[in-house]
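K.L.:
Quick one: structure below, then a few questions.
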Amino acid sequence: MCYEFPLRSSSEELEAENRDVLILLFIFLMTTTLFAQVGEDGLTYVQRKQKWLRSVPEPRRGLSEHRKRLYFSAWLQKGIYNAAVSDALHSILGDFWLTGGRSHHGYMIALIVKYGSKGLRVIDSDDEMTVRNKYENDLILNSGVFEDLNPNKQLWAMAGIYLYAHYFDKDIKLPIYGHRRGIDPKHLDLAEQNWPTFSHDGRTYRFGQGPYNAKQLTEDYIKNKLNLWILDGNREMDSLNYHRAFVGSMLLIYDMAEDREFQKRARMGAELAMLDAMMDFGGSEWGGTIGRTDFRRMAKVSDFPFYEYFGKSTEDDGRPDIKVLYTFDYEPPPLLIDIAVLSDEDDDYFHFHKEYHNSGLKHRSGKGKWNYVTPLYNLGSNVGGHNSGWQVTIRGDGPGRFIRLWINDLEHIEDKNETRYLGNAGNQYRNALFAQIGANPVLHEAKERQDWDEDLSDGGWYFKRLNKVYVAIGTTHNSASVELGIKNVDYDSFTSFKNAVKKNARLTESSYTTSKGVSIDWDEHCGLNSPGDCAFPFERMETISKDGKMISWQNKVMTIRYHGKTLTYDFNNWRADDPPKSDPPPAPPSGVTIEVD
């Protein structure tokens, strides 16, 4: 077959060549974007990281302590080290970041290894030695790492000590496992409860005994916890308090450990924890049942590692231990980013996320937690040990804006309350919930820079509207109900939603019948055993949408399917596909200056 092409003038040829170049450039940009999945903000992780680095002001002593700490890792990433940056380092060392009950020790080990004598040589040698002395003398040689008595917050510390020992002293020993010398005898029982004797790979570490090689003990401790928490669950990983410590410390190991097998385990653990959180997230804030969390956090935007990875953050928000993630050589697989971003889904999208987040609940009939998630709201509850209540979370007018609501029998909740402050005894079917409170129901609302567009009482019901989301709340002297709807998905208007509730819905002391005629009673914990809802028992983690299973778990193998893509994690041998690396390590900075007044 032969084709004939018309002759073109030189100007036409030049225009054609330019057009061809533009087409090739467009194709390149499209394929690059497809490879590097964009987040909620329309940026890839690399673009978001560069945007953050560009937004950081030059270091100066007039900045607030919070700003210095927030920008500290960015200054190092940019090769800047002057008196203001040094001040920030010493300020961090002087408080709970490296000493005391709320330590996140890995935060500093990441920076002295990457930007000290082992890496790009940004931090001056005197300041590096100050950090190293903290690790060696305060945390290792006197077993001070155990003083907090709380292993949930100390994963950063264990990761930090592992890396310190690896890079600076492989033979250094922890004198005692579980506590430091001179501990108050009254605290020994609690210490042993939180740091129990454990074994891993044929090695046993006994509470109160030692000395133990610091690198080997911390490696075995982390691997042992991964085996227990990843496969059996841990409610603290569902916590607004502790989630970031788990993910951050595991990504620290992935980025900086030189043991490939250890790196793989740490990455898989971090990604499972992020996936679990994202599936409870929806389009607003983390919703449904959560682990131990201070009540005061419920009305605030919380800081999660996946905000930075999936485009839900803002430049000047967050904590230093979150922003330091931008210094790590890590980005999530595109499928995880895709599954986290619901802004590209239609309003009628939903998924139903179920899991066991506590080893005591695993595979027990009728026990577990679940969350019904849409792009605009989520509603989640649970049944079983550590009943942590239920809540509704509704997306607001922009990032970090939302309204939470729940119903219980507490008129007043202390800010530091960590138990039963959420909704009481919620039995749920998708977008509706019945709660047998057992006392006078009290409606609680937590608002973050957001209020209702409409809020009224009509016909014995409370009706509320925020953008496209409709809410109907009913109460009796000892029970309550919540039902949600979305405009043009469930009802064509707020008026038709209200009329349907007033006409069809019924709340008694023992059941709630929805506006669509679905009856939820005290014996129905979650779903009505219909396909796609909550039949017990289920696997460790399972997520179902209208298109079928998104996340399945069988024989310790988790498979994710979404938008025609698949990702598999085999926890029998800790194997998963390697994530892409589209962000190469930074080149050594040039012209680094140290200015000390």
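Starting from 1 in every chain, residues are counted up; chains themselves are A, B, ... following the order of the structure tokens, and ligands are numbered from 1 as listed.
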Write out as a list in words the residues lying within 6 Å of Met278 of chain A, counting only C-alpha atoms and excluding same-chain residues fewer than 3 positions away.

P.N.:
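Everything that qualifies: Leu275, Phe281 and Ala340 of chain A.
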
K.L.:
Pick out the closest residue to Tyr512 of chain A from this set: A:Leu405, A:Val324, A:Ala432, A:Leu379. Count only C-alpha atoms.

P.N.:
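Nearest to Tyr512 of chain A: A:Ala432.
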
K.L.:
Measuring atom to atom with only C-alpha atoms, identify which of A:Asp344, A:Asp169, A:Asp415, A:Asp453 is nearest to Gly396 of chain A.

P.N.:
A:Asp453

K.L.:
Report as a Markdown table the residues of segment 291-399 of chain A within 10 Å of segment 107-111 of chain A, each with its shortest atom pair and distance in Å (one decimal), using only C-alpha atoms, ordered by chain and increasing residue number.

P.N.:
```
| residue | atom | partner | partner_atom | distance |
| --- | --- | --- | --- | --- |
| A:Pro320 | CA | A:Tyr107 | CA | 8.3 |
| A:Asp321 | CA | A:Tyr107 | CA | 6.0 |
| A:Ile322 | CA | A:Tyr107 | CA | 9.3 |
| A:Val324 | CA | A:Tyr107 | CA | 7.3 |
| A:Leu325 | CA | A:Tyr107 | CA | 9.4 |
| A:Thr327 | CA | A:Leu111 | CA | 8.4 |
| A:Phe328 | CA | A:Ala110 | CA | 8.5 |
```

K.L.:
Please produce a file of the residues just selected, as a compact mmCIF listing (two decimals), in the first residue's frame, where the atoms kept are C-alpha atoms.

P.N.:
```
# COMPACT_ATOMS: atom_id res chain seq x y z
CA PRO A 320 7.87 18.84 62.30
CA ASP A 321 7.81 15.04 62.47
CA ILE A 322 5.34 15.04 59.57
CA VAL A 324 10.45 15.61 57.86
CA LEU A 325 8.89 12.95 55.61
CA THR A 327 13.47 14.38 53.36
CA PHE A 328 12.85 10.63 52.95
```

K.L.:
At a cut-off of 12 Å, using only C-alpha atoms, what residues contact Ala273 of chain A? Leave out same-chain residues fewer than 6 positions from it and give the result as a PDB file with C-alpha atoms, in the first residue's frame.

P.N.:
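What landed in result_37.pdb:
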```
ATOM      1  CA  LEU A 226       5.319  -5.732  62.877  1.00  0.00           C
ATOM      2  CA  TRP A 229       0.406  -5.501  64.849  1.00  0.00           C
ATOM      3  CA  ILE A 230       0.243  -5.908  61.092  1.00  0.00           C
ATOM      4  CA  LEU A 231      -1.269  -9.369  61.122  1.00  0.00           C
ATOM      5  CA  GLY A 233      -4.205  -5.434  64.472  1.00  0.00           C
ATOM      6  CA  ASN A 234      -3.549  -2.717  67.031  1.00  0.00           C
ATOM      7  CA  ARG A 235      -6.143  -0.092  67.900  1.00  0.00           C
ATOM      8  CA  GLU A 236      -3.378   2.418  68.580  1.00  0.00           C
ATOM      9  CA  MET A 237      -2.577   2.422  64.855  1.00  0.00           C
ATOM     10  CA  ASP A 238      -6.117   3.773  64.393  1.00  0.00           C
ATOM     11  CA  SER A 239      -5.301   6.589  66.790  1.00  0.00           C
ATOM     12  CA  TYR A 242      -0.069   7.476  67.494  1.00  0.00           C
ATOM     13  CA  HIS A 243      -0.677   6.763  63.808  1.00  0.00           C
ATOM     14  CA  ARG A 244       1.978   9.209  62.610  1.00  0.00           C
ATOM     15  CA  ALA A 245       4.613   7.711  64.950  1.00  0.00           C
ATOM     16  CA  PHE A 246       4.048   4.258  63.492  1.00  0.00           C
ATOM     17  CA  VAL A 247       4.161   5.338  59.847  1.00  0.00           C
ATOM     18  CA  GLY A 248       7.001   7.820  60.288  1.00  0.00           C
ATOM     19  CA  SER A 249       9.273   5.409  62.127  1.00  0.00           C
ATOM     20  CA  MET A 250       8.680   2.624  59.615  1.00  0.00           C
ATOM     21  CA  LEU A 251       9.437   4.921  56.675  1.00  0.00           C
ATOM     22  CA  ALA A 266       9.039  -1.527  57.268  1.00  0.00           C
ATOM     23  CA  ARG A 267       7.614  -0.197  54.001  1.00  0.00           C
ATOM     24  CA  MET A 279     -10.061   3.804  53.761  1.00  0.00           C
ATOM     25  CA  ASP A 280     -11.520   5.323  56.948  1.00  0.00           C
ATOM     26  CA  PHE A 304      -1.261  12.304  59.210  1.00  0.00           C
ATOM     27  CA  PRO A 305       1.667  11.200  57.044  1.00  0.00           C
ATOM     28  CA  PHE A 306      -0.649  10.485  54.137  1.00  0.00           C
ATOM     29  CA  LEU A 336      -2.323   3.797  46.990  1.00  0.00           C
ATOM     30  CA  GLU A 355     -11.310  -4.586  59.803  1.00  0.00           C
ATOM     31  CA  HIS A 357      -8.020  -3.400  64.706  1.00  0.00           C
ATOM     32  CA  MET A 541      -9.104  -6.100  56.455  1.00  0.00           C
TER      33      MET A 541
END
```

K.L.:
Could you tell me which of A:Asn227, A:Lys354, A:Leu507, A:Lys300 comes closest to Asn572 of chain A if we count only C-alpha atoms?

P.N.:
A:Asn227

K.L.:
Tell me, as a PyMOL selection string, which residues lie within 12 Å of Ile407 of chain A, counting only C-alpha atoms; anything in the same chain fewer than 2 positions away does not count.

P.N.:
chain A and resi 389-392+404-405+409-411+420-426+433-446+473-476+478-482

K.L.:
Out of A:Ala270, A:Leu567, A:Ala505, A:Leu63, which residue has the shortest atom-to-atom distance to Pro334 of chain A when counting only C-alpha atoms?

P.N.:
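Ranking A:Ala270, A:Leu567, A:Ala505, A:Leu63 by distance to Pro334 of chain A, first place goes to A:Leu567.
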
K.L.:
When distances are computed from only C-alpha atoms, which of A:Lys264, A:Lys78, A:His179, A:Arg296 shows the smallest separation from Leu240 of chain A?

P.N.:
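Between A:Lys264, A:Lys78, A:His179, A:Arg296, the residue approaching Leu240 of chain A most closely is A:Arg296.
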